[in-house]
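> Dropping the structure in here first, questions after.
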Amino acid sequence: MGNGKSQPGQNVHSQFLPEEKAEVDRLFDVLSSEKSSSHTSPRSFSLTALKARSHIGEALPPEMVTRLYDGMRRVDVMGKAKGPSESISREQFTVSMSHLLKGNSEEKSLVILKMISVTGGPVKARTVQQFTEDLVGSFVHVLDHRQELRGWTQTKAQGPRVKLLAAQLFSEMKLAGNKKLLGPQCLDYDCDRAMIEDWVFRAHLVATFLSVIIHRGFLLRLSLDSLATLVPRRQVDQGQEFESVLDVLSVIYVNSHLPRERQHRWHLLFSSELHGHSFAQLCGRLLHQGPCVALLEDHDGHVFGGFASCSWEIKPQFQGDNKCFLFSISPSMAVYTCTGYNDHYMYLNHGQQTIPNGLGMGGQHNYFGLWIDVDFGKGHSRAKPTCTTYNSPQLSAKEDFRFEKLEVWAVGDASESKLANSSKSILDVDPEAQILLEISGRSCHSQGLREVPDDE
């Protein structure tokens, strides 16, 4: 997996461009600047010196600083070391940075295993699990410290959400034969280098989080283009701030499964807290807005939802395409994609007497993977054993559930239809007026013919 094995001690800068090499050298010089040394003694830095750097010690939890240090000092550049060095040399630092920031899965896993294992050999699965929790916690800690949460906040449930995302990433670890590590007894299973490499390749957020931790924790002056799509910008209209059921980690997890062109921006369309418990209001703010994410929290604390890859329309037929998916945030994080069994991706109807009225995703009439009833506050998630469209289990605590909090977020740039209808009219001010026209089957003839108001 990857480009073949690197030869220890050779071309330690080979994966860096010249300007990148210069920046890595600059950072090493800063970290090793306080060590007194003669011209004949090569420069290095210790763990104490690393933690003493306030810009690192405050930005990263001490356990992650120690893990990074241990991973670097256990790198055997010349292939002759009998054990980890007492301090980190320039060569060790450069090789470690090269592997973690520019390397393939094989090279990344080499350093990651050294961050986890004292011997560099196989480790217990529970040790990998603890590393994953440290990784996720350190990632959100450094973004919060550097004020780069892009509008999202850490919720009161941040600790549990760290464990939930860590558990999801850890679940990507596979045994021989592609078998999952299931049950507490599997935590005593030995994970070797091949398993770690496969895990890093499979769970791409592991390497991405490490890259962010290094760039932002060490203040490395290299571009970090992935951050713009990793953490989407949160946009809420002025005067409409509210307490979302989302936190930055749950947003990152769901966002990582969206089409790449939709990952840079989330704009609030509807919140039951702001816009009321009204299905008509929901539909009025939902229609023709492009791809969006809808999610809710039921009365038992389960948080779940779905991604609609197309604009919602009111009609008796199913709509959407195979880019849609359902997901769960709590009590566990998971994404459920299309099975190909049917095309019942999205459904939205209102004002009919013979077919269901409400919003649904997956399954079939009266048996949806996710259903929000026209009687706002009620819904169901039915799966025996799984939803035929998305292979999802029952997402709610109870098959028929009640909820208070529902949110809908448009993802990516505004759709063309939304931009065409952006001028103000009674239909914009009162979404219920728009929904009444949709229900009656009449079109909005004024849309697209309105002049732009003078104040715009």
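Residue numbers start at 1 in each chain; chains themselves are named A, B, ... in the order of the structure tokens; ligands are numbered from 1 in the order shown.
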Give me the residues near stretch 377-386 of chain A as a ChimeraX atom specification, where near means some atom within 7 Å (using only C-alpha atoms) and where sequence neighbours in that chain fewer than 6 positions away do not count.
/A:367-371,392-396,399-404
> With C-alpha atoms retained, could you export that selection as a PDB file, in the first residue's frame?

```pdb
ATOM      1  CA  TYR A 367     -42.269   2.327   7.026  1.00  0.00           C
ATOM      2  CA  PHE A 368     -39.527   4.918   6.522  1.00  0.00           C
ATOM      3  CA  GLY A 369     -35.937   4.796   7.679  1.00  0.00           C
ATOM      4  CA  LEU A 370     -36.541   8.383   8.859  1.00  0.00           C
ATOM      5  CA  TRP A 371     -39.989   9.990   8.982  1.00  0.00           C
ATOM      6  CA  SER A 392     -29.782   1.626   8.444  1.00  0.00           C
ATOM      7  CA  PRO A 393     -31.028   0.230  11.745  1.00  0.00           C
ATOM      8  CA  GLN A 394     -33.692   1.965  13.814  1.00  0.00           C
ATOM      9  CA  LEU A 395     -32.145   5.395  14.433  1.00  0.00           C
ATOM     10  CA  SER A 396     -34.440   6.541  17.238  1.00  0.00           C
ATOM     11  CA  GLU A 399     -39.728   3.154  16.738  1.00  0.00           C
ATOM     12  CA  ASP A 400     -42.355   5.897  17.032  1.00  0.00           C
ATOM     13  CA  PHE A 401     -40.682   8.909  18.583  1.00  0.00           C
ATOM     14  CA  ARG A 402     -41.347  12.497  19.566  1.00  0.00           C
ATOM     15  CA  PHE A 403     -38.949  15.392  19.227  1.00  0.00           C
ATOM     16  CA  GLU A 404     -38.562  19.072  20.075  1.00  0.00           C
TER      17      GLU A 404
END
```
> So that I can see what lies close to A:Phe304, please list as a list in words the residues with an atom at most 10 Å from it, counting only C-alpha atoms and leaving out residues fewer than 6 positions away in the same chain.
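Residues meeting the cut-off are Ala294, Leu295, Leu296, Glu297, Asp298, Leu326, Phe327, Ser328, Ile329, Ser330, Pro331, Ser332, Met333, Ala334, Val335, Leu370, Leu395, Ser396 and Leu406 of chain A.
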> Work out how far apart atom CA of A:Tyr336 and atom CA of A:Gly305 are and give it in Å to one decimal.
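A separation of 10.5 Å between them.
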> Please report the interatomic distance between atom CA of A:Gly340 and atom CA of A:Tyr390 in Å with one decimal.
8.4 Å
> Write out as an NGL selection string the set of residues from stretch 195-330 of chain A that DSSP, computed on the backbone, places in strand (DSSP E).
:A and (233-235 or 265-271 or 292-298 or 303-308 or 315-319 or 325-330)
> Considering only C-alpha atoms, can you say which of A:Val411, A:Val200, A:Ile56, A:Leu282 comes closest to A:Lys108?
A:Val200
> By how many Å are atom CA of A:Asn391 and atom CA of A:Cys292 apart?
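About the pair atom CA of A:Asn391 and atom CA of A:Cys292: they are 20.6 Å apart.
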> What are the closest atom pairs, with distances in Å to one decimal, for all residues of stretch 211-235 of chain A lying within 10 Å of stretch 20-23 of chain A? Consider only C-alpha atoms, order rows by chain and residue number, and present the result as a Markdown table.

```
| residue | atom | partner | partner_atom | distance |
| --- | --- | --- | --- | --- |
| A:Leu220 | CA | A:Glu23 | CA | 7.3 |
| A:Arg221 | CA | A:Glu23 | CA | 6.7 |
| A:Leu222 | CA | A:Glu20 | CA | 6.9 |
| A:Ser223 | CA | A:Glu20 | CA | 9.5 |
```
> Pick out the closest residue to A:Gln185 from this set: A:Arg67, A:Lys398, A:Lys124, A:Lys323. Count only C-alpha atoms.
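Result for the nearest residue to A:Gln185: A:Lys124.
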